[in-house]
file query32.csv (CSV, C-alpha atoms)
chain,number,residue,atom,x,y,z
A,1340,MET,CA,0.0,0.0,0.0
A,1341,MET,CA,1.1,3.6,-0.6
A,1342,GLU,CA,2.5,5.6,2.2
A,1343,LEU,CA,-0.4,7.1,4.2
A,1344,PRO,CA,-0.4,10.6,5.7
A,1345,TYR,CA,0.0,11.0,9.5
A,1346,LEU,CA,-3.8,11.1,10.2
A,1347,LEU,CA,-4.4,7.7,8.6
A,1348,LYS,CA,-1.6,5.7,10.2
A,1349,ARG,CA,-3.3,3.3,12.5
A,1350,GLU,CA,-1.2,4.2,15.6
A,1351,ASN,CA,-2.3,7.9,15.1
A,1352,ILE,CA,-6.0,7.0,14.9
A,1353,CYS,CA,-6.2,4.9,18.0
A,1354,ARG,CA,-3.9,2.7,20.1
A,1355,ILE,CA,-3.5,1.0,23.4
A,1356,GLU,CA,-0.7,2.4,25.6
A,1357,ASP,CA,0.1,1.8,29.3
A,1358,GLY,CA,-3.3,0.4,30.0
A,1359,ARG,CA,-5.1,3.3,28.3
A,1360,ILE,CA,-6.8,4.0,25.0
A,1361,LEU,CA,-5.3,6.9,23.0
A,1362,ILE,CA,-7.4,8.5,20.3
A,1363,GLY,CA,-5.9,10.9,17.9
A,1364,ASP,CA,-7.8,14.2,18.4
A,1365,ARG,CA,-8.8,15.4,15.0
A,1366,ARG,CA,-10.5,18.4,16.5
A,1367,VAL,CA,-7.1,20.2,17.0
A,1368,PHE,CA,-5.2,18.9,14.0
A,1369,PRO,CA,-3.1,20.2,12.2
A,1370,PHE,CA,-2.3,22.9,14.9
A,1371,LYS,CA,-1.6,20.2,17.5
A,1372,ARG,CA,-0.9,16.5,17.5
A,1373,ARG,CA,-2.5,15.4,20.7
A,1374,PHE,CA,-4.4,12.3,21.9
A,1375,GLU,CA,-7.5,12.0,23.9
A,1376,VAL,CA,-6.7,9.6,26.8
A,1377,CYS,CA,-9.5,7.3,27.9
A,1378,THR,CA,-9.5,4.7,30.7
A,1379,SER,CA,-13.0,3.4,30.4
A,1380,VAL,CA,-15.5,2.5,27.7
A,1381,GLU,CA,-17.7,5.4,28.8
A,1382,GLU,CA,-14.9,7.8,28.2
A,1383,ILE,CA,-14.3,6.3,24.8
A,1384,ALA,CA,-17.9,6.6,23.8
A,1385,GLY,CA,-17.9,10.2,25.0
A,1386,ALA,CA,-14.9,10.9,22.8
A,1387,LEU,CA,-16.7,9.5,19.8
A,1388,GLN,CA,-19.8,11.5,20.6
A,1389,SER,CA,-17.6,14.6,21.0
A,1390,MET,CA,-16.1,14.1,17.5
A,1391,VAL,CA,-12.6,13.5,18.7
A,1392,THR,CA,-12.4,11.3,15.5
A,1393,GLN,CA,-14.7,11.0,12.5
A,1394,GLY,CA,-15.2,9.2,9.3
A,1395,GLY,CA,-13.4,5.8,9.5
A,1396,GLY,CA,-11.9,6.7,12.9
A,1397,PRO,CA,-14.9,5.4,15.0
A,1398,LEU,CA,-14.6,1.9,13.5
A,1399,GLU,CA,-10.9,1.8,14.3
A,1400,VAL,CA,-11.6,3.0,17.8
A,1401,ALA,CA,-14.3,0.4,18.3
A,1402,LEU,CA,-12.1,-2.4,17.1
A,1403,THR,CA,-9.3,-1.3,19.4
A,1404,THR,CA,-11.7,-1.0,22.3
A,1405,MET,CA,-12.7,-4.6,21.9
A,1406,VAL,CA,-9.1,-5.6,22.3
A,1407,TYR,CA,-8.7,-3.2,25.2
A,1408,VAL,CA,-11.8,-4.7,27.0
A,1409,ALA,CA,-10.5,-8.2,26.4
A,1410,LYS,CA,-7.1,-7.3,27.9
A,1411,GLN,CA,-8.8,-5.9,31.0
A,1412,MET,CA,-10.7,-9.2,31.3
A,1413,ARG,CA,-7.6,-11.3,31.1
A,1414,GLU,CA,-5.9,-9.0,33.7
A,1415,GLY,CA,-8.9,-9.4,36.1
A,1416,ARG,CA,-10.0,-5.8,35.9
A,1417,LEU,CA,-13.3,-6.8,34.3
A,1418,PRO,CA,-15.5,-9.9,34.6
A,1419,ARG,CA,-14.8,-12.6,31.9
A,1420,ASP,CA,-18.3,-12.2,30.6
A,1421,PRO,CA,-19.2,-11.8,26.9
A,1422,ALA,CA,-22.1,-9.6,28.1
A,1423,VAL,CA,-19.6,-7.1,29.3
A,1424,LEU,CA,-18.1,-6.9,25.9
A,1425,GLU,CA,-21.5,-6.6,24.3
A,1426,ARG,CA,-22.5,-3.7,26.5
A,1427,ALA,CA,-19.3,-1.9,25.7
A,1428,CYS,CA,-20.0,-2.3,22.0
A,1429,ASP,CA,-23.5,-1.1,22.5
A,1430,LEU,CA,-22.2,2.1,24.1
A,1431,LEU,CA,-19.9,2.8,21.2
A,1432,ILE,CA,-22.5,2.1,18.5
A,1433,ALA,CA,-25.0,4.5,20.3
A,1434,ALA,CA,-22.3,7.2,20.3
A,1435,ARG,CA,-22.3,7.5,16.5
A,1436,PRO,CA,-25.7,6.2,15.2
A,1437,THR,CA,-25.1,7.3,11.6
A,1438,ASN,CA,-22.0,5.1,11.4
A,1439,THR,CA,-23.7,1.9,10.3
A,1440,THR,CA,-20.5,0.4,9.0
A,1441,MET,CA,-19.1,0.4,12.6
A,1442,LYS,CA,-22.3,-1.1,13.9
A,1443,ARG,CA,-22.4,-3.9,11.4
A,1444,VAL,CA,-18.7,-4.8,11.7
A,1445,ILE,CA,-18.8,-4.9,15.5
A,1446,GLN,CA,-22.0,-6.8,15.7
A,1447,GLY,CA,-20.6,-9.3,13.2
A,1448,LEU,CA,-17.5,-9.8,15.3
A,1449,LEU,CA,-19.7,-10.3,18.4
A,1450,ALA,CA,-21.7,-13.0,16.6
A,1451,GLU,CA,-18.5,-14.8,15.5
A,1452,LEU,CA,-17.2,-14.7,19.1
A,1453,ALA,CA,-20.6,-16.1,20.4
A,1454,SER,CA,-20.1,-19.1,18.2
A,1455,HIS,CA,-16.9,-20.0,20.2
A,1456,PRO,CA,-18.2,-20.1,23.8
A,1457,SER,CA,-15.2,-21.9,25.3
A,1458,ASP,CA,-12.4,-19.7,23.9
A,1459,TRP,CA,-14.1,-16.5,22.7
A,1460,LEU,CA,-11.9,-14.3,24.9
A,1461,ASP,CA,-8.7,-15.6,23.3
A,1462,LEU,CA,-10.1,-15.0,19.8
A,1463,VAL,CA,-10.9,-11.3,20.3
A,1464,GLU,CA,-7.5,-10.0,19.3
A,1465,PRO,CA,-6.8,-12.2,16.3
A,1466,LYS,CA,-10.3,-11.6,14.9
A,1467,VAL,CA,-9.9,-7.9,15.3
A,1468,GLU,CA,-6.5,-8.0,13.5
A,1469,ALA,CA,-8.1,-10.0,10.7
A,1470,VAL,CA,-10.8,-7.4,10.2
A,1471,GLN,CA,-8.2,-4.6,10.2
A,1472,ALA,CA,-6.2,-6.5,7.6
A,1473,SER,CA,-9.3,-7.0,5.5
A,1474,PHE,CA,-10.1,-3.3,5.5
A,1475,ASP,CA,-6.5,-2.5,4.5
A,1476,HIS,CA,-7.0,-4.7,1.5
A,1477,VAL,CA,-10.4,-3.0,0.7
A,1478,TYR,CA,-8.8,0.4,0.9
A,1479,GLU,CA,-6.1,-0.6,-1.6
A,1480,VAL,CA,-8.5,-2.2,-4.0
A,1481,MET,CA,-10.9,0.8,-3.9
A,1482,GLY,CA,-8.0,3.2,-4.3
A,1483,ARG,CA,-7.1,1.5,-7.6
A,1484,PHE,CA,-10.7,1.6,-8.7
A,1485,GLY,CA,-10.9,5.2,-7.9
A,1486,SER,CA,-7.7,6.0,-9.8
A,1487,SER,CA,-9.2,4.3,-12.9
A,1488,LEU,CA,-11.9,7.1,-13.0
A,1489,LEU,CA,-9.3,9.8,-13.5
A,1490,GLY,CA,-7.9,11.0,-16.8
A,1491,PRO,CA,-4.6,12.7,-17.6
A,1492,GLU,CA,-5.7,16.0,-16.1
A,1493,ASN,CA,-8.0,16.2,-13.1
A,1494,THR,CA,-9.4,18.8,-10.8
A,1495,ILE,CA,-11.5,17.2,-8.1
A,1496,LEU,CA,-13.9,18.8,-5.7
A,1497,THR,CA,-14.4,17.0,-2.4
A,1498,THR,CA,-16.3,17.6,0.8
A,1499,CYS,CA,-15.2,16.7,4.3
A,1500,PHE,CA,-12.5,14.0,4.8
A,1501,ALA,CA,-12.9,11.0,2.5
A,1502,GLU,CA,-9.9,9.3,4.1
A,1503,HIS,CA,-8.1,6.1,2.8
A,1504,THR,CA,-9.9,5.3,-0.3
A,1505,PHE,CA,-10.1,8.8,-1.8
A,1506,LEU,CA,-6.5,9.7,-0.9
A,1507,LEU,CA,-5.1,6.4,-2.2
A,1508,SER,CA,-7.0,6.9,-5.5
A,1509,LEU,CA,-5.1,10.2,-5.9
A,1510,ALA,CA,-1.8,8.7,-4.9
A,1511,TYR,CA,-2.2,5.8,-7.4
A,1512,ALA,CA,-3.3,8.2,-10.1
A,1513,GLN,CA,-0.2,10.3,-9.5
A,1514,ALA,CA,2.0,7.2,-9.6
A,1515,GLU,CA,0.5,6.4,-13.0
A,1516,GLY,CA,1.6,9.9,-14.3
A,1517,LYS,CA,-1.8,11.6,-14.1
A,1518,HIS,CA,-2.0,15.2,-12.9
A,1519,VAL,CA,-4.3,15.6,-9.9
A,1520,ARG,CA,-5.4,18.8,-8.2
A,1521,VAL,CA,-8.1,19.0,-5.5
A,1522,ILE,CA,-10.5,21.7,-4.4
A,1523,ALA,CA,-11.7,21.1,-0.8
A,1524,ASN,CA,-14.7,22.5,1.0
A,1525,GLU,CA,-13.7,23.8,4.4
A,1526,THR,CA,-16.6,21.8,5.9
A,1527,ARG,CA,-18.2,23.7,8.7
A,1528,PRO,CA,-18.6,23.5,11.6
A,1529,TYR,CA,-15.6,21.2,12.4
A,1530,LEU,CA,-13.6,22.3,9.3
A,1531,GLN,CA,-12.6,18.8,8.4
A,1532,GLY,CA,-11.8,19.9,4.8
A,1533,SER,CA,-9.4,22.6,5.9
A,1534,ARG,CA,-7.9,20.9,8.9
A,1535,LEU,CA,-7.8,17.2,7.8
A,1536,THR,CA,-8.2,16.9,4.0
A,1537,ALA,CA,-6.0,19.8,2.9
A,1538,PRO,CA,-3.0,19.1,5.2
A,1539,SER,CA,-3.1,15.4,4.4
A,1540,LEU,CA,-3.1,16.1,0.6
A,1541,GLN,CA,-0.2,18.6,1.1
A,1542,GLU,CA,1.7,15.9,3.1
A,1543,MET,CA,1.2,13.5,0.1
A,1544,GLY,CA,2.4,16.1,-2.4
A,1545,ILE,CA,-1.0,16.6,-4.0
A,1546,GLU,CA,-1.9,20.1,-5.0
A,1547,VAL,CA,-4.9,21.4,-3.0
A,1548,GLN,CA,-6.9,24.6,-2.7
A,1549,LEU,CA,-9.5,25.5,-0.1
A,1550,ILE,CA,-12.9,27.1,-0.7
A,1551,THR,CA,-15.7,27.9,1.7
A,1552,ASP,CA,-18.7,25.6,1.8
A,1553,GLY,CA,-20.9,28.0,-0.2
A,1554,MET,CA,-18.5,28.1,-3.2
A,1555,GLY,CA,-18.9,24.6,-4.5
A,1556,ALA,CA,-21.7,25.3,-7.0
A,1557,THR,CA,-19.8,28.3,-8.4
A,1558,VAL,CA,-16.6,26.3,-9.1
A,1559,ILE,CA,-18.7,23.6,-10.7
A,1560,SER,CA,-20.7,26.1,-12.8
A,1561,GLU,CA,-17.4,27.8,-14.0
A,1562,HIS,CA,-16.1,24.4,-15.3
A,1563,MET,CA,-13.2,24.5,-12.8
A,1564,VAL,CA,-13.6,20.8,-11.8
A,1565,THR,CA,-13.7,17.6,-13.7
A,1566,HIS,CA,-15.0,15.3,-10.9
A,1567,TYR,CA,-16.9,15.6,-7.6
A,1568,MET,CA,-15.8,12.8,-5.2
A,1569,THR,CA,-16.7,12.2,-1.5
A,1570,ALA,CA,-16.8,9.5,1.1
A,1571,ALA,CA,-20.2,7.9,2.0
A,1572,ASP,CA,-21.2,7.5,5.6
A,1573,VAL,CA,-24.0,5.2,4.4
A,1574,VAL,CA,-25.0,3.8,1.0
A,1575,CYS,CA,-28.5,2.3,0.8
A,1576,LEU,CA,-29.6,-0.6,-1.4
A,1577,ASP,CA,-31.4,1.8,-3.8
A,1578,GLY,CA,-28.2,3.8,-4.3
A,1579,THR,CA,-29.0,6.6,-1.9
A,1580,VAL,CA,-25.8,8.1,-0.5
A,1581,VAL,CA,-25.5,9.7,3.0
A,1582,ASN,CA,-22.6,12.0,3.6
A,1583,LYS,CA,-21.6,15.2,5.5
A,1584,VAL,CA,-24.1,18.1,5.2
A,1585,GLY,CA,-23.1,20.2,2.2
A,1586,THR,CA,-22.7,17.2,-0.1
A,1587,LEU,CA,-26.2,17.4,-1.5
A,1588,SER,CA,-25.9,21.0,-2.8
A,1589,ASN,CA,-22.7,20.1,-4.6
A,1590,ALA,CA,-24.2,16.9,-6.0
A,1591,LEU,CA,-27.1,18.9,-7.4
A,1592,ALA,CA,-24.8,21.4,-9.0
A,1593,ALA,CA,-22.6,18.7,-10.4
A,1594,HIS,CA,-25.7,17.0,-11.9
A,1595,ALA,CA,-26.9,20.2,-13.4
A,1596,TYR,CA,-23.5,21.0,-15.1
A,1597,GLY,CA,-22.6,17.5,-16.2
A,1598,VAL,CA,-19.8,16.9,-13.6
A,1599,PRO,CA,-19.7,13.2,-12.5
A,1600,TYR,CA,-20.3,12.6,-8.8
A,1601,TYR,CA,-18.6,9.5,-7.3
A,1602,ALA,CA,-19.0,8.3,-3.7
A,1603,PHE,CA,-16.6,5.9,-2.0
A,1604,SER,CA,-18.2,3.2,0.2
A,1605,VAL,CA,-16.3,0.5,1.9
A,1606,SER,CA,-19.5,-1.2,3.0
A,1607,PRO,CA,-23.0,-0.4,1.5
A,1608,ASP,CA,-25.6,-1.2,4.1
A,1609,PRO,CA,-27.8,-4.2,3.2
A,1610,THR,CA,-30.2,-3.3,6.1
A,1611,LYS,CA,-31.1,0.1,4.6
A,1612,ARG,CA,-33.4,-0.1,1.6
A,1613,GLY,CA,-33.5,3.7,1.1
A,1614,ARG,CA,-34.1,7.1,2.6
A,1615,GLN,CA,-37.1,5.8,4.6
A,1616,ASP,CA,-34.8,3.5,6.7
A,1617,LEU,CA,-32.3,6.2,7.7
A,1618,VAL,CA,-32.1,8.0,11.0
A,1619,MET,CA,-30.4,11.3,10.2
A,1620,GLU,CA,-28.4,12.7,13.0
A,1621,MET,CA,-29.3,16.2,14.2
A,1622,ARG,CA,-26.3,17.5,16.3
A,1623,SER,CA,-26.1,20.2,18.9
A,1624,ALA,CA,-27.1,23.7,17.5
A,1625,GLY,CA,-24.3,25.1,19.7
A,1626,GLU,CA,-21.7,23.6,17.3
A,1627,VAL,CA,-23.0,26.0,14.5
A,1628,THR,CA,-22.7,29.1,16.6
A,1629,GLN,CA,-19.0,28.6,17.2
A,1630,CYS,CA,-16.0,27.6,15.2
A,1631,LEU,CA,-12.7,26.3,16.7
A,1632,GLY,CA,-14.0,27.3,20.1
A,1633,ARG,CA,-14.9,30.9,19.3
A,1634,SER,CA,-18.4,32.3,19.0
A,1635,THR,CA,-19.5,33.3,15.5
A,1636,THR,CA,-22.6,35.2,16.5
A,1637,LYS,CA,-24.3,36.9,19.5
A,1638,LYS,CA,-25.3,34.8,22.5
A,1639,GLY,CA,-29.0,33.7,22.3
A,1640,ILE,CA,-29.1,33.4,18.5
A,1641,GLY,CA,-30.7,30.1,17.5
A,1642,ALA,CA,-29.2,27.6,15.1
A,1643,LEU,CA,-29.8,24.2,13.4
A,1644,TYR,CA,-27.2,21.5,12.7
A,1645,PRO,CA,-28.5,18.7,10.5
A,1646,ALA,CA,-25.2,16.8,10.3
A,1647,PHE,CA,-25.7,14.7,7.1
A,1648,ASP,CA,-27.2,14.9,3.7
A,1649,SER,CA,-29.2,12.3,1.9
A,1650,ILE,CA,-28.2,12.3,-1.8
A,1651,PRO,CA,-30.7,10.6,-4.2
A,1652,ALA,CA,-29.3,7.9,-6.5
A,1653,GLU,CA,-30.1,9.9,-9.7
A,1654,LEU,CA,-27.4,12.5,-8.7
A,1655,VAL,CA,-24.7,9.8,-8.3
A,1656,ARG,CA,-22.7,8.7,-11.4
A,1657,GLY,CA,-21.1,5.8,-9.6
A,1658,ILE,CA,-20.3,4.3,-6.2
A,1659,VAL,CA,-16.7,3.1,-5.7
A,1660,THR,CA,-16.8,-0.2,-3.7
A,1661,ALA,CA,-14.5,-3.2,-3.2
A,1662,LYS,CA,-16.5,-4.9,-5.9
A,1663,GLY,CA,-15.8,-2.2,-8.5
A,1664,VAL,CA,-17.3,1.1,-9.5
A,1665,LEU,CA,-21.0,0.4,-9.5
A,1666,SER,CA,-24.0,2.4,-10.7
A,1667,PRO,CA,-26.5,3.1,-8.0
A,1668,HIS,CA,-29.0,0.6,-9.3
A,1669,GLN,CA,-26.3,-2.2,-9.1
A,1670,ILE,CA,-25.9,-1.8,-5.3
A,1671,GLN,CA,-28.9,-4.0,-4.4
A,1672,ARG,CA,-27.8,-6.8,-6.7
A,1673,SER,CA,-24.2,-6.7,-5.4
A,1674,PHE,CA,-24.8,-6.2,-1.7
A,1675,SER,CA,-28.2,-7.5,-0.6

call {"tool": "encode", "arguments": {"input": "query32.csv", "output": "structure tokens"}}
result
Amino acid sequence: MMELPYLLKRENICRIEDGRILIGDRRVFPFKRRFEVCTSVEEIAGALQSMVTQGGGPLEVALTTMVYVAKQMREGRLPRDPAVLERACDLLIAARPTNTTMKRVIQGLLAELASHPSDWLDLVEPKVEAVQASFDHVYEVMGRFGSSLLGPENTILTTCFAEHTFLLSLAYAQAEGKHVRVIANETRPYLQGSRLTAPSLQEMGIEVQLITDGMGATVISEHMVTHYMTAADVVCLDGTVVNKVGTLSNALAAHAYGVPYYAFSVSPDPTKRGRQDLVMEMRSAGEVTQCLGRSTTKKGIGALYPAFDSIPAELVRGIVTAKGVLSPHQIQRSFS
């Protein structure tokens, strides 16, 4: 696999150290490289809810937490009871309800462990490592599929932080001699585009320019981009894509001006038929009235924070998966 930027190296996402869980704090990157230190599952769940990490980070945290809980059981700090592990996983899943990939992966692991009642505790760590290795393979495969969508000259608009698959697509494209340039939305209110995406691209030697969230339609309409590419927090069987709020407006503009929109999904959700099955997360309005810890308006002004957009399948040119670049109508046949 290509060299990953700092943020995507596993030890910088989450690791166990000196009997504690350390979670890379993306809220302060790139200005600081600090870790949120947690000593209980409740603290870990709180960190997830507080957006210490986002995107693929919660899954990595959840997997590492399973190993952490198993170690505490072997050391006698927690009862050797699978119900204790299940309750820990339930707390993590509830902390980020829109992250259905994390939910399905963790619940699948729990089901596997339940089928080994005599030695389930000894199997936690090797099974987690196997899942992590499988995701590393998926990232590489999807990166190559993503690269195949790019031509000799590319300017790609992106929203939020699409992580491994998108960044690897660009890295493979560059290695093939293609010219790649990225325009990144700043992504309010956490500024993942300006704080996570742009520095990671710079670290990888990929040209990047920032725009504010309201500028996407303009750069599309002025024919300044060749592709629109994002991650997908959820992909439903009917091809509906869920991603960070702000994605829908850019997808609408891309559709209107003939710019292809591609979403990267490591795991389309077979339990979600369409928009009607989604629970869209409404986050604290207080996050909208401040930015990087500073107020952006007068005290007492109301706000709304719908955290995610639902993008209809007709706006999506293709969905990059480990099974290939699929049209939205191919998702059900490939993943149900």

call {"tool": "closest_residue", "arguments": {"input": "query32.csv", "among": "A:Asp1577, A:Glu1451, A:Asp1648, A:Glu1626", "to": "Lys1611 in chain A", "atoms": "only C-alpha atoms"}}
result
A:Asp1577

call {"tool": "closest_residue", "arguments": {"input": "query32.csv", "among": "A:Ala1592, A:Met1481, A:Thr1494, A:Leu1460", "to": "Glu1414 in chain A", "atoms": "only C-alpha atoms"}}
result
A:Leu1460

call {"tool": "residues_around", "arguments": {"input": "query32.csv", "residues": "Tyr1601 in chain A", "least_positions_apart": "3", "cutoff": "12 Å", "atoms": "all atoms listed in the file", "output": "mmCIF file with C-alpha atoms, keeping the file's coordinate frame"}}
result
data_model
loop_
_atom_site.group_PDB
_atom_site.id
_atom_site.type_symbol
_atom_site.label_atom_id
_atom_site.label_comp_id
_atom_site.auth_asym_id
_atom_site.auth_seq_id
_atom_site.Cartn_x
_atom_site.Cartn_y
_atom_site.Cartn_z
ATOM 1 C CA PHE A 1484 -10.700 1.600 -8.700
ATOM 2 C CA GLY A 1485 -10.900 5.200 -7.900
ATOM 3 C CA SER A 1486 -7.700 6.000 -9.800
ATOM 4 C CA LEU A 1488 -11.900 7.100 -13.000
ATOM 5 C CA LEU A 1489 -9.300 9.800 -13.500
ATOM 6 C CA ILE A 1495 -11.500 17.200 -8.100
ATOM 7 C CA LEU A 1496 -13.900 18.800 -5.700
ATOM 8 C CA THR A 1497 -14.400 17.000 -2.400
ATOM 9 C CA THR A 1498 -16.300 17.600 0.800
ATOM 10 C CA ALA A 1501 -12.900 11.000 2.500
ATOM 11 C CA THR A 1504 -9.900 5.300 -0.300
ATOM 12 C CA PHE A 1505 -10.100 8.800 -1.800
ATOM 13 C CA THR A 1565 -13.700 17.600 -13.700
ATOM 14 C CA HIS A 1566 -15.000 15.300 -10.900
ATOM 15 C CA TYR A 1567 -16.900 15.600 -7.600
ATOM 16 C CA MET A 1568 -15.800 12.800 -5.200
ATOM 17 C CA THR A 1569 -16.700 12.200 -1.500
ATOM 18 C CA ALA A 1570 -16.800 9.500 1.100
ATOM 19 C CA ALA A 1571 -20.200 7.900 2.000
ATOM 20 C CA VAL A 1574 -25.000 3.800 1.000
ATOM 21 C CA GLY A 1578 -28.200 3.800 -4.300
ATOM 22 C CA VAL A 1580 -25.800 8.100 -0.500
ATOM 23 C CA ASN A 1582 -22.600 12.000 3.600
ATOM 24 C CA THR A 1586 -22.700 17.200 -0.100
ATOM 25 C CA ASN A 1589 -22.700 20.100 -4.600
ATOM 26 C CA ALA A 1590 -24.200 16.900 -6.000
ATOM 27 C CA ALA A 1593 -22.600 18.700 -10.400
ATOM 28 C CA HIS A 1594 -25.700 17.000 -11.900
ATOM 29 C CA VAL A 1598 -19.800 16.900 -13.600
ATOM 30 C CA SER A 1604 -18.200 3.200 0.200
ATOM 31 C CA ILE A 1650 -28.200 12.300 -1.800
ATOM 32 C CA ALA A 1652 -29.300 7.900 -6.500
ATOM 33 C CA GLU A 1653 -30.100 9.900 -9.700
ATOM 34 C CA LEU A 1654 -27.400 12.500 -8.700
ATOM 35 C CA VAL A 1655 -24.700 9.800 -8.300
ATOM 36 C CA ARG A 1656 -22.700 8.700 -11.400
ATOM 37 C CA GLY A 1657 -21.100 5.800 -9.600
ATOM 38 C CA ILE A 1658 -20.300 4.300 -6.200
ATOM 39 C CA VAL A 1659 -16.700 3.100 -5.700
ATOM 40 C CA THR A 1660 -16.800 -0.200 -3.700
ATOM 41 C CA VAL A 1664 -17.300 1.100 -9.500
ATOM 42 C CA LEU A 1665 -21.000 0.400 -9.500
ATOM 43 C CA SER A 1666 -24.000 2.400 -10.700
ATOM 44 C CA PRO A 1667 -26.500 3.100 -8.000
#

call {"tool": "closest_residue", "arguments": {"input": "query32.csv", "among": "A:Gly1363, A:Pro1609, A:Leu1452, A:Thr1437", "to": "Met1621 in chain A", "atoms": "all atoms listed in the file"}}
result
A:Thr1437

call {"tool": "closest_residue", "arguments": {"input": "query32.csv", "among": "A:Tyr1596, A:Asp1420, A:Val1618, A:Glu1342", "to": "Glu1561 in chain A", "atoms": "all atoms listed in the file"}}
result
A:Tyr1596

call {"tool": "closest_residue", "arguments": {"input": "query32.csv", "among": "A:Met1441, A:Val1627, A:Leu1549, A:Leu1591", "to": "Pro1607 in chain A", "atoms": "only C-alpha atoms"}}
result
A:Met1441

call {"tool": "atom_distance", "arguments": {"input": "query32.csv", "atom1": "CA of Leu1507 in chain A", "atom2": "CA of Val1480 in chain A"}}
result
9.4 Å

call {"tool": "closest_atom_pairs", "arguments": {"input": "query32.csv", "of": "range 1377-1457 of chain A", "to": "range 1355-1359 of chain A", "cutoff": "8 Å", "atoms": "all atoms listed in the file", "output": "CSV"}}
result
residue,atom,partner,partner_atom,distance
A:Cys1377,CA,A:Arg1359,CA,6.0
A:Thr1378,CA,A:Arg1359,CA,5.2
A:Thr1403,CA,A:Ile1355,CA,7.4
A:Tyr1407,CA,A:Ile1355,CA,6.9

call {"tool": "write_last_selection", "arguments": {"input": "query32.csv", "atoms": "C-alpha atoms", "output": "CSV table (one decimal), in the frame of the given file"}}
result
chain,number,residue,atom,x,y,z
A,1377,CYS,CA,-9.5,7.3,27.9
A,1378,THR,CA,-9.5,4.7,30.7
A,1403,THR,CA,-9.3,-1.3,19.4
A,1407,TYR,CA,-8.7,-3.2,25.2

call {"tool": "atom_distance", "arguments": {"input": "query32.csv", "atom1": "CA of Ser1454 in chain A", "atom2": "CA of Phe1674 in chain A"}}
result
24.2 Å

call {"tool": "residues_around", "arguments": {"input": "query32.csv", "residues": "Gln1531 in chain A", "least_positions_apart": "5", "cutoff": "8 Å", "atoms": "all atoms listed in the file", "output": "list of chain:residue names"}}
result
A:Cys1499, A:Phe1500, A:Glu1525, A:Thr1526, A:Thr1536

call {"tool": "write_last_selection", "arguments": {"input": "query32.csv", "atoms": "C-alpha atoms", "output": "PDB file, keeping the file's coordinate frame"}}
result
ATOM      1  CA  CYS A1499     -15.200  16.700   4.300  1.00  0.00           C
ATOM      2  CA  PHE A1500     -12.500  14.000   4.800  1.00  0.00           C
ATOM      3  CA  GLU A1525     -13.700  23.800   4.400  1.00  0.00           C
ATOM      4  CA  THR A1526     -16.600  21.800   5.900  1.00  0.00           C
ATOM      5  CA  THR A1536      -8.200  16.900   4.000  1.00  0.00           C
TER       6      THR A1536
END

call {"tool": "closest_residue", "arguments": {"input": "query32.csv", "among": "A:Pro1528, A:Pro1344, A:Pro1645, A:Pro1538", "to": "Met1390 in chain A", "atoms": "all atoms listed in the file"}}
result
A:Pro1528

call {"tool": "atom_distance", "arguments": {"input": "query32.csv", "atom1": "CA of Thr1579 in chain A", "atom2": "CA of Arg1612 in chain A"}}
result
8.7 Å

call {"tool": "residues_around", "arguments": {"input": "query32.csv", "residues": "Arg1672 in chain A", "least_positions_apart": "3", "cutoff": "10 Å", "atoms": "only C-alpha atoms", "output": "VMD selection string"}}
result
chain A and resid 1576 to 1577 1668 to 1669 1675

call {"tool": "residues_near_point", "arguments": {"input": "query32.csv", "point": "(-10.1, -10.9, 27.4)", "cutoff": "12 Å", "atoms": "only C-alpha atoms", "output": "PyMOL selection string"}}
result
chain A and resi 1404-1421+1423-1424+1452+1458-1465

call {"tool": "residues_around", "arguments": {"input": "query32.csv", "residues": "Gly1544 in chain A", "least_positions_apart": "4", "cutoff": "12 Å", "atoms": "all atoms listed in the file", "output": "count of residues only"}}
result
16

call {"tool": "residues_near_point", "arguments": {"input": "query32.csv", "point": "(-22.5, 27.3, 18.4)", "cutoff": "12 Å", "atoms": "all atoms listed in the file", "output": "list in words"}}
result
Arg1527, Pro1528, Tyr1529, Arg1622, Ser1623, Ala1624, Gly1625, Glu1626, Val1627, Thr1628, Gln1629, Cys1630, Leu1631, Gly1632, Arg1633, Ser1634, Thr1635, Thr1636, Lys1637, Lys1638, Gly1639, Ile1640, Gly1641, Ala1642, Leu1643 and Tyr1644 of chain A
